[in-house]
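Visitor: Below are the structure tokens for one structure; questions will follow.
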Amino acid sequence: MQTENHLIRKPSLEKLFNYLIGNGKTIYAPKAKGKLVFFDNVTDFGEVTEDYIVTTNSAKSVVFPRTEKVFSYKKSKESTEIIDAADNTYPDVVLWGSRPCDAAAFIPLNNTFNEDYPDIIFNKRSQKVLVLSFSCSYSDDYCFCTSVNGGPGNTTGSDILFTRLSTGDYLAEVITEKGKLLVTENNSLFEPKPEESKEQNLALIKAYFNQEEIQTKLQNLFENPVWDEKSRACLGCGSCAYVCPVCSCFDIQDEAHGHKGTRLRCWDSCGFGLFTLHTSGHNPRETQGARWRQRILHKFLYMPNKTKVAGCVGCGRCSRSCPADINILDTVTSL
Amino acid sequence: MSNPNIYIPYLMRIEKITLEAPGVKTFRLKFENEQEADEFTFKAGQFGEYSIVGVGESTFCIASSPTRKGYIECTFRQTGKVTNALASAEEGDVIGFRGPYGNTFPMDEWKGKNLLFIAGGIALPPMRCVIWNALDLRENFKDITIVYGARTVADLVYKDELAEWRTRSDVRLVTTVDPGGETPDWKGEVGFVPSVLEKAAPSSENTIAIVCGPPIMIKFTFPVLEKLGFKEENIYTTLENRMKCGFGKCGRCNVGEVYVCKDGPVFSYEALKLLPAEY
């Protein structure tokens, strides 16, 4: 659909939030915990903070939770019964306060979970998520969305994008039918579009590199000292993958309680040494350098070659969270 | 797969267990659900995820031939948590199976050709599927040669089938064990697979070579095949990368732009050379 623009005043935002709560939606929004801000389940508008560049964790868990039950079972000597988790009803979720980078990440996530073998649990969750994003009016040195075809006011992946104007009110860009439905249901809160332009209210984020150029360069950089050099400090902790909004590698683990239990799909990371270790002891990616290379090549070469969409949205979370201060931007710009 | 939830396994009853070698067992599995049994098809080279619910899943090839209907077989060595749990299962028990996954050996393209199978140790099972498939359609192929080696005589798997292949006039079987692995009555070769292959010197003329074994064996076998005159496009192998999902999502078996589970596990040496050496 064609984007529709409206004005929504600050007090009306709270009314919109309360409308969603009143309709039984589960809302995930930025919430302060000490000095950090996390996406968390929020029931009161007062809990929502506006003071963040991006949250510490990404928003991927609304469609790809840290652990997802794929089935449960009951077992006896005579029989095994499998109870399909996909028959569950998944919650109506509103992601409130996602940044354009968070919203953009749903595109590559969706690509991965639907390539050849559609993941019905992922899809059932996705269908029930309404993405209400807020443009970035400021950024930090870790942000680089403009280098990976994104931007502080990018609408990709959002249902509605709000941009804060100089008056304190918001421009609401309604991008999808899902977003339009919410506007229709709350018609009185949305006013005719404002005069003030969106662009002047957006953060200025430097373009450090061009994704397509990096993609071309990486074709011939498999054997290169840069991988070992840039990953020497890596602890192999996997934080980068856990906070990444696009990383979707997973493990499958069983949890048994007597004769009952569940099979779970759990977050994993290509940064872990065990990730590729064969039973024989052979490990195709033996060094942390090889694992760092895999992370970069997968995001900036393999994924865009295959789907035209890179596996990085430039949110900078991996660099902010790295205990060894390894910076993805530093690696990519040094190529 | 019939269930729209790709993580749900078929339930399979263990019909027969064969002890192949110390710590190595073969399971013959039958579908619990008849409709699933009727709908299920696979081709040589494909694999599955075998599981004990409550313990976990493990990846092995389907070791039986698609020409043998009504069941599938897998052969595995007890090494970790899941294979140990599987090994303690008994005939009549129910286990989980997801599959078939992956690509297949292009057996239709091999019609009218000689087939040379080279396997080491526990890597005979993926090859056994192809061998029986070829033997069951014997008229489609010319000479069939099998070179198989293991560390010791005890470690050779499918001993009854090796005995059968040895007596068949339409199969040339060369078995070998590593030096020191022979017994006093051992009548086969003593030596590593690559050197025994070189000595056996099968003709590369109109021949497809299928190699499966530990990485070190594969590494030394490819040069021998090239020396014997085999072209890269006529050499096939099947990769054994660690896997979890089997359908190209969990990320573990990603090598360059391919997922071994989905784009493989079968690769020609020609295709393999285009991949980074991360297998």
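Residue numbering restarts at 1 for every chain of the structure tokens, chains are lettered A, B, ... in their displayed order, and ligands are numbered from 1 as they appear.
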Counting only C-alpha atoms, which residues of chain A sit at most 8 Å from some atom of chain B, and what is each one's closest atom pair with its distance in Å to one decimal, listed by chain and rising residue number, as CSV?

Guide:
residue,atom,partner,partner_atom,distance
A:Val70,CA,B:Tyr7,CA,6.4
A:Phe71,CA,B:Ile8,CA,7.0
A:Tyr73,CA,B:Val53,CA,7.4
A:Lys77,CA,B:Asp93,CA,7.9
A:Ser79,CA,B:Val94,CA,7.4
A:Thr80,CA,B:Val94,CA,7.2
A:Ile82,CA,B:Ile8,CA,7.9
A:Asp84,CA,B:Ile8,CA,7.3
A:Ala86,CA,B:Asn5,CA,6.6
A:Thr112,CA,B:Lys249,CA,6.4
A:Phe113,CA,B:Lys249,CA,6.7
A:Asp116,CA,B:Phe247,CA,7.9
A:Tyr117,CA,B:Phe247,CA,6.6
A:Pro118,CA,B:Ile6,CA,7.8
A:Asp119,CA,B:Ile6,CA,6.5
A:Ile120,CA,B:Asn5,CA,5.8
A:Ile121,CA,B:Asn5,CA,7.3
A:Phe222,CA,B:Pro276,CA,7.7
A:Ser248,CA,B:Cys250,CA,7.2
A:Cys249,CA,B:Cys250,CA,4.6
A:Phe250,CA,B:Cys250,CA,4.7
A:Asp251,CA,B:Lys244,CA,6.5
A:Ile252,CA,B:Lys244,CA,6.4
A:Gln253,CA,B:Gly56,CA,6.0
A:Asp254,CA,B:Gly54,CA,5.1
A:Glu255,CA,B:Gly54,CA,5.7
A:Ala256,CA,B:Gly54,CA,4.7
A:Lys260,CA,B:Gly54,CA,7.7
A:Gly261,CA,B:Gly54,CA,6.0
A:Thr262,CA,B:Gly54,CA,7.0
A:Arg263,CA,B:Gly54,CA,7.3
A:Cys270,CA,B:Arg252,CA,7.4
A:Phe275,CA,B:Arg252,CA,6.3
A:Thr276,CA,B:Arg242,CA,5.7
A:Leu277,CA,B:Arg242,CA,6.7
A:His278,CA,B:Arg242,CA,5.5
A:Thr279,CA,B:Thr79,CA,7.1
A:Asn283,CA,B:Tyr279,CA,7.9
A:Pro284,CA,B:Glu278,CA,4.6
A:Arg285,CA,B:Glu278,CA,6.3
A:His298,CA,B:Gly256,CA,8.0
A:Tyr302,CA,B:Glu257,CA,5.3
A:Lys306,CA,B:Glu257,CA,7.9

Visitor: Keeping only N, CA and C atoms, write the selected residues to a file as a compact mmCIF listing (two decimals), in the first residue's frame.

Guide:
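Heads up, here's the output in result_21.txt:
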# COMPACT_ATOMS: atom_id res chain seq x y z
N VAL A 70 9.51 -26.62 20.28
CA VAL A 70 9.03 -27.05 18.95
C VAL A 70 8.05 -28.22 19.07
N PHE A 71 8.20 -28.99 20.15
CA PHE A 71 7.15 -29.96 20.51
C PHE A 71 7.39 -30.42 21.93
N TYR A 73 6.51 -33.96 24.57
CA TYR A 73 6.24 -35.40 24.41
C TYR A 73 5.88 -36.02 25.74
N LYS A 77 6.69 -47.01 28.24
CA LYS A 77 7.39 -48.15 27.63
C LYS A 77 6.70 -48.54 26.32
N SER A 79 4.46 -46.53 24.40
CA SER A 79 4.20 -45.55 23.35
C SER A 79 4.91 -44.21 23.60
N THR A 80 5.01 -43.47 22.53
CA THR A 80 5.55 -42.12 22.60
C THR A 80 4.52 -41.21 21.96
N ILE A 82 3.71 -37.33 20.70
CA ILE A 82 4.32 -36.04 20.39
C ILE A 82 3.22 -34.99 20.37
N ASP A 84 2.42 -31.31 19.23
CA ASP A 84 2.96 -30.30 18.33
C ASP A 84 2.82 -28.89 18.92
N ALA A 86 3.30 -26.19 17.40
CA ALA A 86 2.75 -25.26 16.40
C ALA A 86 1.24 -25.15 16.51
N THR A 112 15.55 -16.28 6.11
CA THR A 112 16.18 -17.51 6.61
C THR A 112 15.14 -18.54 7.02
N PHE A 113 14.13 -18.09 7.77
CA PHE A 113 13.16 -19.06 8.30
C PHE A 113 12.17 -19.53 7.24
N ASP A 116 13.11 -22.51 1.47
CA ASP A 116 12.85 -23.94 1.17
C ASP A 116 11.94 -24.66 2.18
N TYR A 117 12.25 -24.57 3.45
CA TYR A 117 11.45 -25.25 4.48
C TYR A 117 10.83 -24.20 5.40
N PRO A 118 9.60 -23.75 5.15
CA PRO A 118 9.01 -22.72 6.02
C PRO A 118 8.90 -23.20 7.46
N ASP A 119 9.33 -22.35 8.36
CA ASP A 119 9.26 -22.66 9.79
C ASP A 119 7.94 -22.12 10.31
N ILE A 120 6.99 -23.01 10.51
CA ILE A 120 5.62 -22.61 10.81
C ILE A 120 5.50 -21.88 12.15
N ILE A 121 6.35 -22.23 13.10
CA ILE A 121 6.28 -21.57 14.40
C ILE A 121 6.76 -20.12 14.27
N PHE A 222 38.91 -14.68 1.37
CA PHE A 222 38.79 -15.80 2.32
C PHE A 222 40.11 -16.03 3.05
N SER A 248 20.61 -15.86 13.44
CA SER A 248 19.53 -16.81 13.72
C SER A 248 20.03 -18.24 13.80
N CYS A 249 21.33 -18.44 13.92
CA CYS A 249 21.83 -19.81 14.08
C CYS A 249 21.28 -20.37 15.38
N PHE A 250 20.92 -21.64 15.34
CA PHE A 250 20.33 -22.23 16.54
C PHE A 250 20.80 -23.65 16.79
N ASP A 251 20.52 -24.09 18.00
CA ASP A 251 20.81 -25.44 18.43
C ASP A 251 19.45 -26.10 18.68
N ILE A 252 19.41 -27.41 18.67
CA ILE A 252 18.19 -28.12 19.03
C ILE A 252 18.54 -28.99 20.24
N GLN A 253 17.85 -28.79 21.34
CA GLN A 253 18.16 -29.50 22.58
C GLN A 253 16.89 -30.05 23.20
N ASP A 254 17.02 -31.19 23.87
CA ASP A 254 15.87 -31.78 24.56
C ASP A 254 15.97 -31.50 26.05
N GLU A 255 14.82 -31.30 26.65
CA GLU A 255 14.77 -31.11 28.09
C GLU A 255 13.78 -32.13 28.63
N ALA A 256 14.27 -33.04 29.44
CA ALA A 256 13.42 -34.13 29.93
C ALA A 256 13.13 -33.96 31.41
N LYS A 260 8.19 -37.00 30.63
CA LYS A 260 7.69 -35.92 29.78
C LYS A 260 8.86 -34.99 29.45
N GLY A 261 8.66 -34.18 28.44
CA GLY A 261 9.72 -33.23 28.15
C GLY A 261 9.40 -32.42 26.92
N THR A 262 10.39 -31.64 26.50
CA THR A 262 10.21 -30.78 25.34
C THR A 262 11.46 -30.82 24.47
N ARG A 263 11.27 -30.54 23.21
CA ARG A 263 12.42 -30.30 22.32
C ARG A 263 12.42 -28.81 22.05
N CYS A 270 27.98 -18.91 15.84
CA CYS A 270 29.10 -19.44 15.06
C CYS A 270 30.43 -19.05 15.71
N PHE A 275 30.51 -25.15 17.95
CA PHE A 275 29.46 -25.00 16.93
C PHE A 275 29.65 -25.97 15.76
N THR A 276 30.87 -26.10 15.29
CA THR A 276 31.11 -26.93 14.10
C THR A 276 31.90 -28.21 14.41
N LEU A 277 32.19 -28.45 15.69
CA LEU A 277 33.04 -29.59 16.05
C LEU A 277 32.39 -30.92 15.69
N HIS A 278 33.11 -31.73 14.91
CA HIS A 278 32.61 -33.06 14.55
C HIS A 278 32.79 -34.02 15.73
N THR A 279 32.02 -35.09 15.70
CA THR A 279 32.15 -36.13 16.73
C THR A 279 33.57 -36.70 16.75
N ASN A 283 37.55 -30.32 13.54
CA ASN A 283 36.76 -29.09 13.54
C ASN A 283 37.08 -28.25 12.30
N PRO A 284 36.09 -28.09 11.41
CA PRO A 284 36.35 -27.35 10.17
C PRO A 284 36.72 -25.88 10.42
N ARG A 285 36.23 -25.30 11.51
CA ARG A 285 36.64 -23.93 11.85
C ARG A 285 37.33 -23.97 13.21
N HIS A 298 29.33 -14.50 6.19
CA HIS A 298 27.93 -14.91 6.14
C HIS A 298 27.04 -13.68 6.01
N TYR A 302 27.67 -14.08 1.83
CA TYR A 302 26.80 -15.22 1.51
C TYR A 302 25.32 -14.81 1.48
N LYS A 306 22.85 -14.52 -1.93
CA LYS A 306 21.74 -15.45 -2.05
C LYS A 306 20.39 -14.73 -2.11

Visitor: I need the strand (DSSP E) residues of segment 164-217 of chain B per DSSP on the backbone, written as a ChimeraX atom specification.

Guide: /B:172-177,189-190,207-212

Visitor: Residues of the last selection are to be written out with C-alpha atoms, as a short mmCIF file (atom, residue, chain, number, x, y, z; two decimals), in the first residue's frame.

Guide:
data_model
loop_
_atom_site.label_atom_id
_atom_site.label_comp_id
_atom_site.auth_asym_id
_atom_site.auth_seq_id
_atom_site.Cartn_x
_atom_site.Cartn_y
_atom_site.Cartn_z
CA ARG B 172 35.27 -56.92 -7.21
CA LEU B 173 35.86 -56.42 -3.48
CA VAL B 174 39.18 -55.32 -2.00
CA THR B 175 39.26 -55.14 1.80
CA THR B 176 42.13 -53.86 3.87
CA VAL B 177 43.04 -53.11 7.46
CA GLU B 189 45.16 -56.52 2.26
CA VAL B 190 47.16 -54.78 4.95
CA THR B 207 34.25 -44.99 -14.35
CA ILE B 208 32.71 -42.99 -11.54
CA ALA B 209 34.59 -43.03 -8.23
CA ILE B 210 32.61 -42.56 -5.00
CA VAL B 211 34.76 -41.85 -1.96
CA CYS B 212 33.69 -41.66 1.64
#

Visitor: Skip segment 118-132 of chain B itself and residues of its chain fewer than 3 positions away, then list as number ranges by chain all residues within 7 Å of it, counting only C-alpha atoms.

Guide: B: 44-45, 61-65, 75, 135-136, 146-151, 155-156, 210-214

Visitor: With a distance cut-off of 10 Å and only C-alpha atoms, select the neighbouring residues of Tyr170 of chain A, excluding the residue or stretch itself and same-chain residues fewer than 2 positions from it, and output the selection as a VMD selection string.

Guide: chain A and resid 6 to 10 12 to 13 134 161 to 168 172 to 173 193 to 194 198

Visitor: Mind the document's chain letters and residue numbers, and return as an MDAnalysis selection string the residues of segment 67-264 of chain B that DSSP labels alpha helix (DSSP H).

Guide: chainID B and resid 81:87 124:136 159:167 193:200 215:227 260:263

Visitor: Within 10 Å of Ala201 of chain B, counting only C-alpha atoms, which residues show up once you throw out same-chain ones fewer than 2 positions away? Write them as a ChimeraX atom specification, please.

Guide: /B:195-199,203-204,224-225,227-228

Visitor: Using only C-alpha atoms, can you tell me which of A:Ser147, A:Ser61, A:Ser158, A:Thr307 comes closest to Glu213 of chain A?

Guide: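 Selected residue with least distance to Glu213 of chain A: A:Ser147.
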